[in-house]
Number of protein chains: 4
Amino acid sequence: MDNDYSNMKKWQQKIHEVIFGYHTAAGKVFDLALLIAIVASVLIVMLESVKDIEAHYGEELRMIEWGFTFLFSVEYLARILSSPRPLKYVTSFMGIVDLLSLIPTYLSFFIVGTHSLSVIRSFRLIRVFRILKLTHFMGGAQQLGTALWGSRHKIVVFMGTVVCIVVIAGTMMYLIEDGQNGFTSIPKSIYWAIVTITTVGYGDIAPQTIFGQTAASILMILGYAIIAVPTGIVTSQMMTDAKKLGTITCSNCGEEDLPNRSRFCLNCAARLNNPPIQQ
Amino acid sequence: MDNDYSNMKKWQQKIHEVIFGYHTAAGKVFDLALLIAIVASVLIVMLESVKDIEAHYGEELRMIEWGFTFLFSVEYLARILSSPRPLKYVTSFMGIVDLLSLIPTYLSFFIVGTHSLSVIRSFRLIRVFRILKLTHFMGGAQQLGTALWGSRHKIVVFMGTVVCIVVIAGTMMYLIEDGQNGFTSIPKSIYWAIVTITTVGYGDIAPQTIFGQTAASILMILGYAIIAVPTGIVTSQMMTDAKKLGTITCSNCGEEDLPNRSRFCLNCAARLNNPPIQQ
Amino acid sequence: MDNDYSNMKKWQQKIHEVIFGYHTAAGKVFDLALLIAIVASVLIVMLESVKDIEAHYGEELRMIEWGFTFLFSVEYLARILSSPRPLKYVTSFMGIVDLLSLIPTYLSFFIVGTHSLSVIRSFRLIRVFRILKLTHFMGGAQQLGTALWGSRHKIVVFMGTVVCIVVIAGTMMYLIEDGQNGFTSIPKSIYWAIVTITTVGYGDIAPQTIFGQTAASILMILGYAIIAVPTGIVTSQMMTDAKKLGTITCSNCGEEDLPNRSRFCLNCAARLNNPPIQQ
Amino acid sequence: MDNDYSNMKKWQQKIHEVIFGYHTAAGKVFDLALLIAIVASVLIVMLESVKDIEAHYGEELRMIEWGFTFLFSVEYLARILSSPRPLKYVTSFMGIVDLLSLIPTYLSFFIVGTHSLSVIRSFRLIRVFRILKLTHFMGGAQQLGTALWGSRHKIVVFMGTVVCIVVIAGTMMYLIEDGQNGFTSIPKSIYWAIVTITTVGYGDIAPQTIFGQTAASILMILGYAIIAVPTGIVTSQMMTDAKKLGTITCSNCGEEDLPNRSRFCLNCAARLNNPPIQQ
């Protein structure tokens with residue numbers, strides 16, 4: 001990558017430093033300005049959806065929105081031009097998000113139609129994800145990601161179990177309440193079961209019969225106990241990851257993840273000259 | 001078991017490989033097809049319960065449902081025939097679930113009666129559990145199960161305490177609200193207490209008096225604190241399990257918690273005669 | 001205690017074995033019968049509160065209730081008589097609960113008056129706590145108790161913080177919603193804040209203004225993050241406790257809680273002859 | 001600081017001991033009296049907001065409130081006078097809170113106007129935070145603070161992710177429900193998304209269409225899984241902190257994680273020259 005970088009022209013390097021970098025003052029100012037612009041443009045889209053505001057300031061809001069879209073378009077082109085490997089950027093996750101956050105506004109230009117247009121317009125909110133770029137500053141994001149990825153198998157198993165419980169509980173409830181009190185079909189009853197097991201509890205559908213309330217009580221207590229499982233999964237994974245951070249590597253055979261207290265390598269039995277550790 | 005297996009006829013072994021196995025390509029295709037068929041058959045039963053859809057496509061849905069039931073019946077027989085120990089399969093948990101998921105449809109054939117029939121029909125949803133077979137692929141399921149089983153004593157104690165709190169809180173509330181505002185009987189008030197302590201909060205029953213709201217507040221804060229307990233139980237158990245899985249002990253110096261892959265003790269450098277570990 | 005016990009008469013020892021003991025078959029049968037009787041008597045009180053059932057079977061239920069109260073009274077006396085130290089039993093936690101679960105029924109005999117009587121009657125439900133006696137079988141209860149007790153300081157700090165947040169959030173909301181939409185007074189608004197921060201969310205009081213909904217959103221997200229704290233407290237405490245279980249004691253100086261891997265006592269430097277540990 | 005302290009006059013030292021100290025009997029009595037006074041004054045403000053009570057005892061409550069404000073003012077002046085470094089106290093967090101809890105009552109004296117006055121008055125509730133001073137007794141508060149501070153990066157990342165999810169989910173829902181069923185604008189839909197993902201679930205806004213309920217189900221299950229993340233963060237941080245607090249390292253053999261109380265290394269028996277540890 002350093003090689004790619006040195007092959008770039010002077011002006012490309014300068015733009016790259018400002019847009020992609022965050023070590024120089026200019027880079028920091030740019031990132032902050034971008035963050036504010038994204039939040040502002042999202043707020044504009046939100047305000048447009050409020051009828052009273054739309055009626056009074058609709059024209060102005062749409063103009064500001066177009067202004068932001070133009071600025072983001074320029075930024076997108078600058079990113080492509082200043083990137084050492086343009087194709088890699090365009091096909092990267094952030095590159096696709098950058099593009100997707102531009103398309104809806106331009107589409108609203110070509111396709112006329114009030115209703116469908118509003119649908120497309122609000123997908124621009126995905127540009128909020130660009131804010132996440134800033135999290136590269138924080139190692140925290142990566143640690144969270146690692147923990148979630150490391151426990152993906154258990155999360156899938158857990159989610160599958162919850163889906164099964166919810167389907168069966170919903171069906172039972174449909175039969176118990178006999179299609180009354182909002183439990184008009186199995187899909188609707190499953191919706192109720194999800195609302196209940198996740199402890200959201202809107203109350204738009206609620207059991208009225210004694211049997212229904214008894215069954216609902218069991219589901220609630222089950223949900224109460226079940227919430228401990230994903231927590232246990234993530235916490236356990238995080239701590240295992242944290243432990244790995246505190247390991248040393250054998251300088252003889254390169255074996256990794258040796259416990260800190262090791263005096264000999266557990267693979268090649270070489271003596272490890274750990275410097276006396278200060279804390 | 002290998003013995004039982006080699007005694008089987010050639011065609012039995014072939015069927016066994018496809019139905020029970022998941023190492024061959026045919027076995028994988030079969031498992032995936034079965035998964036799709038189960039989800040599809042569950043969706044059919046769900047759609048039948050929606051009145052609008054039932055009115056238009058009721059006949060077609062019932063036919064498709066019979067088709068799936070026939071296929072699952074053939075599959076059930078094939079499992080029995082190709083099993084090295086048929087009785088063991090039939091009496092196993094999955095064997096019973098397989099049978100139970102077939103019965104309701106056939107029962108609807110013999111017993112006529114619109115209302116009661118619909119009750120029986122939807123119990124077929126238990127066949128959703130067959131999807132869980134696929135979790136055998138994931139060691140995650142076993143780890144979750146081990147953690148829950150290992151902490152069963154604490155979970156029972158916790159659940160018992162919650163039941164006691166809920167019974168007493170419900171009775172108190174019945175007295176405080178004096179049978180008004182939905183607290184018409186002790187069982188109904190206990191139902192409210194469960195809805196509250198699990199933080200579901202439908203709002204169909206809610207205290208209106210000052211004393212009632214004060215008591216409810218205490219119950220809510222209690223429930224808020226109490227939810228930490230099952231989480232603590234499961235997390236603590238998971239981490240203890242995770243630790244035990246990955247460690248061995250040096251027979252020379254007694255050093256504990258050595259990583260599984262250790263060939264030499266990290267404390268005394270003694271050679272560890274671990275059997276090559278398979279994971 | 002053995003001394004007290006051997007001083008008891010033969011018949012006292014026999015009764016003691018059945019009532020307090022749980023090693024003999026008779027003791028086990030007694031405990032099970034008592035458990036069933038307690039649950040049954042609680043159910044009777046619950047059923048009495050349901051108007052329809054009270055109207056038809058009120059007389060019968062009251063008679064059964066008196067029967068249970070008589071049995072529990074006999075049991076209470078037997079406990080006193082067969083106890084090696086009667087006063088210690090009477091003043092113990094379980095002794096007081098045993099007595100309190102008897103009083104309400106007898107009080108209903110002397111004091112006439114439909115309304116106040118019903119209040120007293122239902123306090124008998126505290127006898128549900130007697131079921132907890134059975135948890136002595138499970139070490140789990142003690143582990144849970146130890147973890148909660150060990151983290152009492154943090155729990156108090158946490159609870160205090162939650163109370164402060166709730167008081168301030170409630171007052172803010174009273175001002176923002178200006179006494180409308182159910183926020184009629186500060187205490188009522190605090191009730192709403194508790195319902196919200198604990199994620200119960202009845203919906204009987206909900207903000208309607210834009211500012212109110214914004215403030216409520218902040219409170220909800222705060223509550224969402226805050227729930228992690230009690231969980232962290234209990235889990236962390238449980239794991240520290242679990243670790244202590246796996247420690248050894250120096251046979252030279254009696255120093256406790258030495259790590260399992262210790263070769264020398266960290267207090268007196270005596271060599272610890274740990275037997276090679278098998279797992 | 002000792003230096004500053006010895007430069008103080010006799011009467012200053014005496015007042016300082018009572019107000020700031022908590023080792024002497026007088027200091028303890030003062031702290032307890034202050035705690036009671038704060039709670040009482042907060043309760044007075046609360047009661048004033050209840051219309052019925054205000055109508056009957058409004059005059060009396062206001063007088064008591066003025067009495068408390070006068071006492072707290074005297075206390076504030078005494079703190080400044082008896083402080084070795086008055087400016088440091090005034091600009092400290094607790095100093096600012098102390099001042100802020102006085103201002104609203106005095107402001108209500110100069111500025112007349114029923115409505116705006118009530119707004120200012122209730123901000124005095126911030127004085128509840130003074131109670132937290134008492135938590136200095138408990139090391140628990142500091143441990144909680146350390147854990148939260150240590151995991152601030154991860155918490156920011158998590159909160160940012162939740163905000164993004166909520167904004168996108170709210171917009172989606174606005175489009176799906178097409179501005180009906182309470183989803184009248186994007187901000188309102190985002191409010192609904194927060195109510196849902198935090199599992200509060202008021203039910204004042206709830207999806208009615210099939211697509212809306214499906215999307216809501218996904219959001220609920222997501223929220224259910226997501227709640228595991230802050231819990232994992234805090235728990236993991238707490239345990240890492242707990243470990244670090246209690247361990248030292250041998251300077252001879254480098255053995256880590258030795259208990260604080262160690263006099264000899266448990267691995268090589270070298271004498272550890274730990275300063276006598278005070279806890």
# chains A, B, ... in the order shown; residues from 1 in each chain; ligands from 1

call {"tool": "select_by_dssp", "arguments": {"residues": "segment 26-200 of chain C", "states": "alpha helix (DSSP H)", "output": "VMD selection string"}}
result
chain C and resid 26 to 49 51 to 82 86 to 91 93 to 100 103 to 110 114 to 122 139 to 150 152 to 176 186 to 197

call {"tool": "interface_residues", "arguments": {"of": "chain A", "to": "chain B", "cutoff": "7 Å", "atoms": "only C-alpha atoms", "output": "PyMOL selection string"}}
result
chain A and resi 153-154+157+164+168+171+175+185-187+196+199-203+213+217+220-221+224-225+228-229+231-232+235-236+262-267+269

call {"tool": "write_last_selection", "arguments": {"atoms": "C-alpha atoms", "output": "mmCIF file, in the first residue's frame"}}
result
data_model
loop_
_atom_site.group_PDB
_atom_site.id
_atom_site.type_symbol
_atom_site.label_atom_id
_atom_site.label_comp_id
_atom_site.auth_asym_id
_atom_site.auth_seq_id
_atom_site.Cartn_x
_atom_site.Cartn_y
_atom_site.Cartn_z
ATOM 1 C CA HIS A 153 -22.522 -19.990 16.327
ATOM 2 C CA LYS A 154 -24.089 -19.683 19.753
ATOM 3 C CA VAL A 157 -28.492 -21.458 17.944
ATOM 4 C CA CYS A 164 -39.144 -22.030 17.559
ATOM 5 C CA ILE A 168 -45.205 -22.697 19.028
ATOM 6 C CA THR A 171 -49.966 -21.138 17.767
ATOM 7 C CA LEU A 175 -55.955 -21.972 19.933
ATOM 8 C CA SER A 185 -54.575 -15.628 13.091
ATOM 9 C CA ILE A 186 -51.407 -17.627 13.793
ATOM 10 C CA PRO A 187 -49.070 -14.966 12.269
ATOM 11 C CA THR A 196 -44.138 -10.697 24.871
ATOM 12 C CA THR A 199 -40.534 -7.985 27.116
ATOM 13 C CA VAL A 200 -41.629 -5.126 24.829
ATOM 14 C CA GLY A 201 -45.315 -5.614 25.686
ATOM 15 C CA TYR A 202 -47.259 -3.034 23.643
ATOM 16 C CA GLY A 203 -50.564 -4.238 25.044
ATOM 17 C CA GLN A 213 -53.145 -15.330 30.857
ATOM 18 C CA SER A 217 -47.307 -15.816 32.245
ATOM 19 C CA MET A 220 -43.045 -14.118 30.091
ATOM 20 C CA ILE A 221 -41.078 -15.933 32.792
ATOM 21 C CA TYR A 224 -37.153 -13.364 31.498
ATOM 22 C CA ALA A 225 -34.861 -16.362 31.990
ATOM 23 C CA ALA A 228 -29.708 -14.266 30.333
ATOM 24 C CA VAL A 229 -28.429 -16.463 27.508
ATOM 25 C CA THR A 231 -25.822 -11.836 27.710
ATOM 26 C CA GLY A 232 -23.865 -14.843 28.908
ATOM 27 C CA THR A 235 -19.856 -11.522 28.107
ATOM 28 C CA SER A 236 -18.091 -14.879 28.100
ATOM 29 C CA SER A 262 4.917 -18.918 31.541
ATOM 30 C CA ARG A 263 8.551 -19.633 32.405
ATOM 31 C CA PHE A 264 9.019 -22.181 29.592
ATOM 32 C CA CYS A 265 7.369 -22.329 26.169
ATOM 33 C CA LEU A 266 4.687 -24.979 26.252
ATOM 34 C CA ASN A 267 5.555 -26.030 22.697
ATOM 35 C CA ALA A 269 10.298 -25.912 26.189
#

call {"tool": "residues_around", "arguments": {"residues": "Tyr89 of chain D", "least_positions_apart": "4", "cutoff": "12 Å", "atoms": "only C-alpha atoms", "output": "ChimeraX atom specification"}}
result
/D:20,76-85,93-99

call {"tool": "write_last_selection", "arguments": {"atoms": "N, CA, C and O atoms", "output": "PDB file, in the first residue's frame"}}
result
ATOM      1  N   PHE D  20     -17.200  18.533  56.497  1.00  0.00           N
ATOM      2  CA  PHE D  20     -16.558  17.709  55.475  1.00  0.00           C
ATOM      3  C   PHE D  20     -16.165  16.327  56.005  1.00  0.00           C
ATOM      4  O   PHE D  20     -16.116  15.370  55.253  1.00  0.00           O
ATOM      5  N   TYR D  76     -23.923  26.048  52.878  1.00  0.00           N
ATOM      6  CA  TYR D  76     -23.063  26.350  51.732  1.00  0.00           C
ATOM      7  C   TYR D  76     -21.988  27.354  52.114  1.00  0.00           C
ATOM      8  O   TYR D  76     -20.804  27.173  51.798  1.00  0.00           O
ATOM      9  N   LEU D  77     -22.396  28.422  52.833  1.00  0.00           N
ATOM     10  CA  LEU D  77     -21.431  29.432  53.286  1.00  0.00           C
ATOM     11  C   LEU D  77     -20.411  28.815  54.241  1.00  0.00           C
ATOM     12  O   LEU D  77     -19.212  29.075  54.144  1.00  0.00           O
ATOM     13  N   ALA D  78     -20.896  27.972  55.154  1.00  0.00           N
ATOM     14  CA  ALA D  78     -19.997  27.319  56.116  1.00  0.00           C
ATOM     15  C   ALA D  78     -18.965  26.461  55.395  1.00  0.00           C
ATOM     16  O   ALA D  78     -17.795  26.395  55.785  1.00  0.00           O
ATOM     17  N   ARG D  79     -19.397  25.789  54.322  1.00  0.00           N
ATOM     18  CA  ARG D  79     -18.463  24.967  53.546  1.00  0.00           C
ATOM     19  C   ARG D  79     -17.369  25.836  52.930  1.00  0.00           C
ATOM     20  O   ARG D  79     -16.191  25.482  52.948  1.00  0.00           O
ATOM     21  N   ILE D  80     -17.766  27.000  52.381  1.00  0.00           N
ATOM     22  CA  ILE D  80     -16.781  27.895  51.762  1.00  0.00           C
ATOM     23  C   ILE D  80     -15.810  28.408  52.813  1.00  0.00           C
ATOM     24  O   ILE D  80     -14.585  28.368  52.627  1.00  0.00           O
ATOM     25  N   LEU D  81     -16.347  28.866  53.967  1.00  0.00           N
ATOM     26  CA  LEU D  81     -15.511  29.456  55.017  1.00  0.00           C
ATOM     27  C   LEU D  81     -14.543  28.440  55.613  1.00  0.00           C
ATOM     28  O   LEU D  81     -13.402  28.769  55.912  1.00  0.00           O
ATOM     29  N   SER D  82     -15.006  27.198  55.789  1.00  0.00           N
ATOM     30  CA  SER D  82     -14.180  26.203  56.486  1.00  0.00           C
ATOM     31  C   SER D  82     -13.294  25.404  55.543  1.00  0.00           C
ATOM     32  O   SER D  82     -12.537  24.534  55.979  1.00  0.00           O
ATOM     33  N   SER D  83     -13.407  25.669  54.248  1.00  0.00           N
ATOM     34  CA  SER D  83     -12.616  24.907  53.292  1.00  0.00           C
ATOM     35  C   SER D  83     -11.187  25.438  53.254  1.00  0.00           C
ATOM     36  O   SER D  83     -10.982  26.642  53.217  1.00  0.00           O
ATOM     37  N   PRO D  84     -10.176  24.540  53.251  1.00  0.00           N
ATOM     38  CA  PRO D  84      -8.790  25.005  53.182  1.00  0.00           C
ATOM     39  C   PRO D  84      -8.539  25.733  51.863  1.00  0.00           C
ATOM     40  O   PRO D  84      -7.765  26.676  51.797  1.00  0.00           O
ATOM     41  N   ARG D  85      -9.177  25.284  50.805  1.00  0.00           N
ATOM     42  CA  ARG D  85      -9.057  25.949  49.501  1.00  0.00           C
ATOM     43  C   ARG D  85     -10.462  26.244  48.988  1.00  0.00           C
ATOM     44  O   ARG D  85     -11.016  25.482  48.198  1.00  0.00           O
ATOM     45  N   PHE D  93     -17.228  19.603  41.422  1.00  0.00           N
ATOM     46  CA  PHE D  93     -18.546  19.122  40.990  1.00  0.00           C
ATOM     47  C   PHE D  93     -19.569  19.292  42.104  1.00  0.00           C
ATOM     48  O   PHE D  93     -20.655  19.837  41.898  1.00  0.00           O
ATOM     49  N   MET D  94     -19.228  18.879  43.312  1.00  0.00           N
ATOM     50  CA  MET D  94     -20.180  18.947  44.415  1.00  0.00           C
ATOM     51  C   MET D  94     -20.468  20.399  44.789  1.00  0.00           C
ATOM     52  O   MET D  94     -21.583  20.747  45.173  1.00  0.00           O
ATOM     53  N   GLY D  95     -19.459  21.276  44.672  1.00  0.00           N
ATOM     54  CA  GLY D  95     -19.659  22.693  44.972  1.00  0.00           C
ATOM     55  C   GLY D  95     -20.676  23.328  44.034  1.00  0.00           C
ATOM     56  O   GLY D  95     -21.551  24.098  44.468  1.00  0.00           O
ATOM     57  N   ILE D  96     -20.561  22.980  42.748  1.00  0.00           N
ATOM     58  CA  ILE D  96     -21.490  23.527  41.757  1.00  0.00           C
ATOM     59  C   ILE D  96     -22.898  23.002  42.010  1.00  0.00           C
ATOM     60  O   ILE D  96     -23.873  23.745  41.963  1.00  0.00           O
ATOM     61  N   VAL D  97     -22.994  21.693  42.303  1.00  0.00           N
ATOM     62  CA  VAL D  97     -24.308  21.096  42.594  1.00  0.00           C
ATOM     63  C   VAL D  97     -24.917  21.783  43.822  1.00  0.00           C
ATOM     64  O   VAL D  97     -26.106  22.110  43.831  1.00  0.00           O
ATOM     65  N   ASP D  98     -24.091  22.017  44.849  1.00  0.00           N
ATOM     66  CA  ASP D  98     -24.582  22.676  46.065  1.00  0.00           C
ATOM     67  C   ASP D  98     -25.178  24.042  45.749  1.00  0.00           C
ATOM     68  O   ASP D  98     -26.255  24.400  46.245  1.00  0.00           O
ATOM     69  N   LEU D  99     -24.470  24.805  44.889  1.00  0.00           N
ATOM     70  CA  LEU D  99     -24.937  26.142  44.530  1.00  0.00           C
ATOM     71  C   LEU D  99     -26.218  26.062  43.681  1.00  0.00           C
ATOM     72  O   LEU D  99     -27.197  26.761  43.950  1.00  0.00           O
TER      73      LEU D  99
END

call {"tool": "residues_around", "arguments": {"residues": "Ile44 of chain C", "least_positions_apart": "5", "cutoff": "12 Å", "atoms": "only C-alpha atoms", "output": "PyMOL selection string"}}
result
(chain B and resi 186-187) or (chain C and resi 37-39+49-50+53-54+57-69+121-122+124-125)

call {"tool": "atom_distance", "arguments": {"atom1": "atom CA of Lys14 of chain A", "atom2": "atom CA of Leu34 of chain A"}}
result
17.5 Å

call {"tool": "atom_distance", "arguments": {"atom1": "atom CA of Thr91 of chain A", "atom2": "atom CA of Thr161 of chain D"}}
result
22.5 Å

call {"tool": "atom_distance", "arguments": {"atom1": "atom CA of Leu87 of chain C", "atom2": "atom CA of Met8 of chain C"}}
result
14.8 Å
